[in-house]
Amino acid sequence: MAQLHYIRGVMERAGTFTAVPGKGLIGVGALGLLAATISFSLDTRMWLLCWLAVAVVAVLVGGIALARKAHATNAPLDRGPGLKFLHGLLPAYAAGALLSLACWASGAFVLLPGLWLLLYGAGTITAGMASVAVVPALGIACMLLGAVALFVPLVWGTVLMGLGFGLAHIVAGAVITKRYGG
């Protein structure tokens with residue numbers, strides 16, 4: 001019995017996390033497009049507040065959708081591939097929060113689109129190593145957009161965030177929904 005328990009644990013840790021919610025990604029993408037549209041013509045302070053508010057809502061939407069699909073597919077988030085998925089995302093999110101505060105304090109708002117896309121992309125790639133192929137592909141797309149966003153004015157960074165946090169999420173969500181269920 002001990003050997004079977006060990007084998008089961010090894011197999012569980014080596015598995016693929018398929019509970020990434022396609023419909024949740026589509027919802028997050030819609031929020032990203034909404035934020036890009038609303039914030040496009042706002043002053044810098046309101047631009048930042050808009051994106052921060054939408055980020056909070058997007059994390060809630062994505063988190064609830066992830067938890068619901070994980071429960072429905074019996075893919076726990078507290079062990080195995082689900083835990084690896086979360087461990088891939090959370091350090092990048094924490095770094096993004098701290099760098100956002102530093103940019104706020106120094107007035108370097110123009111760097112935020114690039115930093116956010118790069119760090120989100122890096123976390124998504126890392127988390128995606130325990131998931132289906134479209135997840136790291138989403139991360140790569142965000143990182144590429146983030147690399148460009150570092151070197152353009154804030155208005156173009158907003159467009160690039162709309163593409164990454166909006167359109168790329170909608171496309172990835174549609175692929176996941178079609179191949180792996182909502």
# chains A, B, ... in the order shown; residues from 1 in each chain; ligands from 1
>>> closest_atom_pairs(of="range 68-109 of chain A", to="range 138-158 of chain A", cutoff="12 Å", atoms="only C-alpha atoms", output="CSV")
residue,atom,partner,partner_atom,distance
A:Gly88,CA,A:Gly139,CA,11.5
A:Leu89,CA,A:Gly139,CA,10.7
A:Ala92,CA,A:Gly139,CA,11.7
A:Ala108,CA,A:Leu154,CA,10.2
A:Phe109,CA,A:Leu154,CA,7.6
>>> residues_around(residues="Thr37 in chain A", least_positions_apart="5", cutoff="10 Å", atoms="only C-alpha atoms", output="list in words")
Leu31, Gly32, Leu42, Thr158, Val159 and Gly162 of chain A
>>> residues_around(residues="Arg179 in chain A", least_positions_apart="3", cutoff="12 Å", atoms="only C-alpha atoms", output="number ranges by chain")
A: 18-22, 132-134, 172-176, 182
>>> residues_around(residues="range 46-49 of chain A", least_positions_apart="2", cutoff="12 Å", atoms="only C-alpha atoms", output="ChimeraX atom specification")
/A:35-44,51-56,100-101,103-104,107-113,116,154-155,157-158
>>> residues_around(residues="range 62-65 of chain A", least_positions_apart="4", cutoff="8 Å", atoms="only C-alpha atoms", output="PDB file with C-alpha atoms, in the first residue's frame")
ATOM      1  CA  PRO A  21     -11.125  28.140 -17.389  1.00  0.00           C
ATOM      2  CA  LYS A  23     -14.787  31.089 -20.247  1.00  0.00           C
ATOM      3  CA  GLY A  24     -12.984  32.788 -17.375  1.00  0.00           C
ATOM      4  CA  LEU A  25     -10.181  33.856 -19.732  1.00  0.00           C
ATOM      5  CA  GLY A  27     -14.314  37.223 -19.324  1.00  0.00           C
ATOM      6  CA  VAL A  28     -10.910  38.526 -18.234  1.00  0.00           C
ATOM      7  CA  ALA A  58     -10.240  40.432 -13.370  1.00  0.00           C
ATOM      8  CA  LYS A  69     -13.515  24.567 -13.042  1.00  0.00           C
TER       9      LYS A  69
END
>>> atom_distance(atom1="CA of Ala97 in chain A", atom2="CA of Leu83 in chain A")
21.1 Å
>>> select_by_dssp(residues="range 111-152 of chain A", states="alpha helix (DSSP H)", output="count of residues only")
33
>>> decode(residues="range 1-113 of chain A", atoms="C-alpha atoms", output="mmCIF file, in the first residue's frame")
data_model
loop_
_atom_site.group_PDB
_atom_site.id
_atom_site.type_symbol
_atom_site.label_atom_id
_atom_site.label_comp_id
_atom_site.auth_asym_id
_atom_site.auth_seq_id
_atom_site.Cartn_x
_atom_site.Cartn_y
_atom_site.Cartn_z
ATOM 1 C CA MET A 1 0.000 0.000 0.000
ATOM 2 C CA ALA A 2 2.830 2.395 0.762
ATOM 3 C CA GLN A 3 4.291 1.848 -2.699
ATOM 4 C CA LEU A 4 0.910 2.481 -4.350
ATOM 5 C CA HIS A 5 0.505 5.665 -2.331
ATOM 6 C CA TYR A 6 3.979 6.802 -3.423
ATOM 7 C CA ILE A 7 3.289 5.991 -7.097
ATOM 8 C CA ARG A 8 -0.042 7.839 -6.969
ATOM 9 C CA GLY A 9 1.682 10.902 -5.499
ATOM 10 C CA VAL A 10 4.393 10.882 -8.171
ATOM 11 C CA MET A 11 1.821 10.586 -10.959
ATOM 12 C CA GLU A 12 -0.315 13.344 -9.455
ATOM 13 C CA ARG A 13 2.647 15.739 -9.217
ATOM 14 C CA ALA A 14 3.690 14.986 -12.810
ATOM 15 C CA GLY A 15 0.235 15.517 -14.316
ATOM 16 C CA THR A 16 -1.095 18.382 -16.386
ATOM 17 C CA PHE A 17 -3.366 21.030 -14.915
ATOM 18 C CA THR A 18 -6.303 21.252 -17.329
ATOM 19 C CA ALA A 19 -8.647 23.290 -15.154
ATOM 20 C CA VAL A 20 -7.689 26.627 -16.697
ATOM 21 C CA PRO A 21 -11.125 28.140 -17.389
ATOM 22 C CA GLY A 22 -11.653 29.112 -21.020
ATOM 23 C CA LYS A 23 -14.787 31.089 -20.247
ATOM 24 C CA GLY A 24 -12.984 32.788 -17.375
ATOM 25 C CA LEU A 25 -10.181 33.856 -19.732
ATOM 26 C CA ILE A 26 -12.755 35.208 -22.170
ATOM 27 C CA GLY A 27 -14.314 37.223 -19.324
ATOM 28 C CA VAL A 28 -10.910 38.526 -18.234
ATOM 29 C CA GLY A 29 -10.153 39.418 -21.857
ATOM 30 C CA ALA A 30 -13.400 41.349 -22.151
ATOM 31 C CA LEU A 31 -12.422 43.289 -19.022
ATOM 32 C CA GLY A 32 -8.994 44.010 -20.552
ATOM 33 C CA LEU A 33 -10.576 45.385 -23.716
ATOM 34 C CA LEU A 34 -12.963 47.462 -21.624
ATOM 35 C CA ALA A 35 -10.101 48.904 -19.558
ATOM 36 C CA ALA A 36 -8.101 49.746 -22.679
ATOM 37 C CA THR A 37 -11.092 51.464 -24.242
ATOM 38 C CA ILE A 38 -12.005 53.460 -21.131
ATOM 39 C CA SER A 39 -8.458 54.402 -20.123
ATOM 40 C CA PHE A 40 -7.234 55.379 -23.585
ATOM 41 C CA SER A 41 -8.066 59.056 -23.177
ATOM 42 C CA LEU A 42 -7.766 59.428 -19.390
ATOM 43 C CA ASP A 43 -5.129 61.452 -17.585
ATOM 44 C CA THR A 44 -2.334 59.401 -16.021
ATOM 45 C CA ARG A 45 -3.780 59.196 -12.506
ATOM 46 C CA MET A 46 -7.227 58.109 -13.721
ATOM 47 C CA TRP A 47 -5.590 55.726 -16.220
ATOM 48 C CA LEU A 48 -3.810 53.990 -13.365
ATOM 49 C CA LEU A 49 -6.925 53.848 -11.187
ATOM 50 C CA CYS A 50 -8.940 52.401 -14.083
ATOM 51 C CA TRP A 51 -6.426 49.633 -14.739
ATOM 52 C CA LEU A 52 -6.021 48.832 -11.035
ATOM 53 C CA ALA A 53 -9.795 48.585 -10.549
ATOM 54 C CA VAL A 54 -10.163 46.344 -13.593
ATOM 55 C CA ALA A 55 -7.209 44.221 -12.424
ATOM 56 C CA VAL A 56 -8.945 43.573 -9.093
ATOM 57 C CA VAL A 57 -12.173 42.569 -10.855
ATOM 58 C CA ALA A 58 -10.240 40.432 -13.370
ATOM 59 C CA VAL A 59 -8.398 38.579 -10.590
ATOM 60 C CA LEU A 60 -11.737 37.900 -8.898
ATOM 61 C CA VAL A 61 -13.388 36.732 -12.141
ATOM 62 C CA GLY A 62 -10.396 34.585 -13.096
ATOM 63 C CA GLY A 63 -9.962 33.205 -9.588
ATOM 64 C CA ILE A 64 -13.613 32.252 -9.201
ATOM 65 C CA ALA A 65 -13.701 30.688 -12.669
ATOM 66 C CA LEU A 66 -10.486 28.766 -11.926
ATOM 67 C CA ALA A 67 -11.783 27.481 -8.593
ATOM 68 C CA ARG A 68 -15.113 26.440 -10.135
ATOM 69 C CA LYS A 69 -13.515 24.567 -13.042
ATOM 70 C CA ALA A 70 -10.924 22.966 -10.745
ATOM 71 C CA HIS A 71 -13.733 21.727 -8.499
ATOM 72 C CA ALA A 72 -15.856 20.533 -11.442
ATOM 73 C CA THR A 73 -12.942 18.620 -12.993
ATOM 74 C CA ASN A 74 -11.628 17.298 -9.674
ATOM 75 C CA ALA A 75 -8.313 19.107 -10.195
ATOM 76 C CA PRO A 76 -7.403 20.431 -6.740
ATOM 77 C CA LEU A 77 -5.504 23.695 -6.434
ATOM 78 C CA ASP A 78 -3.822 22.714 -3.170
ATOM 79 C CA ARG A 79 -1.635 19.892 -4.514
ATOM 80 C CA GLY A 80 -0.093 18.411 -7.643
ATOM 81 C CA PRO A 81 -0.329 20.304 -10.942
ATOM 82 C CA GLY A 82 -2.870 22.801 -9.547
ATOM 83 C CA LEU A 83 -0.455 23.900 -6.847
ATOM 84 C CA LYS A 84 2.385 24.121 -9.398
ATOM 85 C CA PHE A 85 0.134 26.309 -11.543
ATOM 86 C CA LEU A 86 -0.522 28.725 -8.676
ATOM 87 C CA HIS A 87 3.132 28.742 -7.618
ATOM 88 C CA GLY A 88 4.031 29.772 -11.165
ATOM 89 C CA LEU A 89 1.673 32.757 -11.130
ATOM 90 C CA LEU A 90 1.974 34.214 -7.656
ATOM 91 C CA PRO A 91 5.641 35.349 -7.582
ATOM 92 C CA ALA A 92 5.176 37.324 -10.817
ATOM 93 C CA TYR A 93 1.983 38.902 -9.447
ATOM 94 C CA ALA A 94 3.809 39.909 -6.239
ATOM 95 C CA ALA A 95 6.714 41.390 -8.221
ATOM 96 C CA GLY A 96 4.230 43.284 -10.390
ATOM 97 C CA ALA A 97 2.538 44.777 -7.351
ATOM 98 C CA LEU A 98 5.833 45.927 -5.821
ATOM 99 C CA LEU A 99 7.165 47.364 -9.083
ATOM 100 C CA SER A 100 3.846 49.145 -9.620
ATOM 101 C CA LEU A 101 4.257 50.854 -6.258
ATOM 102 C CA ALA A 102 7.820 51.850 -7.176
ATOM 103 C CA CYS A 103 6.649 53.261 -10.522
ATOM 104 C CA TRP A 104 3.861 55.166 -8.768
ATOM 105 C CA ALA A 105 6.304 56.628 -6.235
ATOM 106 C CA SER A 106 8.792 57.668 -8.901
ATOM 107 C CA GLY A 107 6.243 58.841 -11.459
ATOM 108 C CA ALA A 108 7.442 56.303 -14.045
ATOM 109 C CA PHE A 109 3.915 55.474 -15.238
ATOM 110 C CA VAL A 110 5.052 54.942 -18.815
ATOM 111 C CA LEU A 111 6.842 51.746 -17.706
ATOM 112 C CA LEU A 112 3.723 50.141 -16.226
ATOM 113 C CA PRO A 113 2.241 48.591 -19.404
#
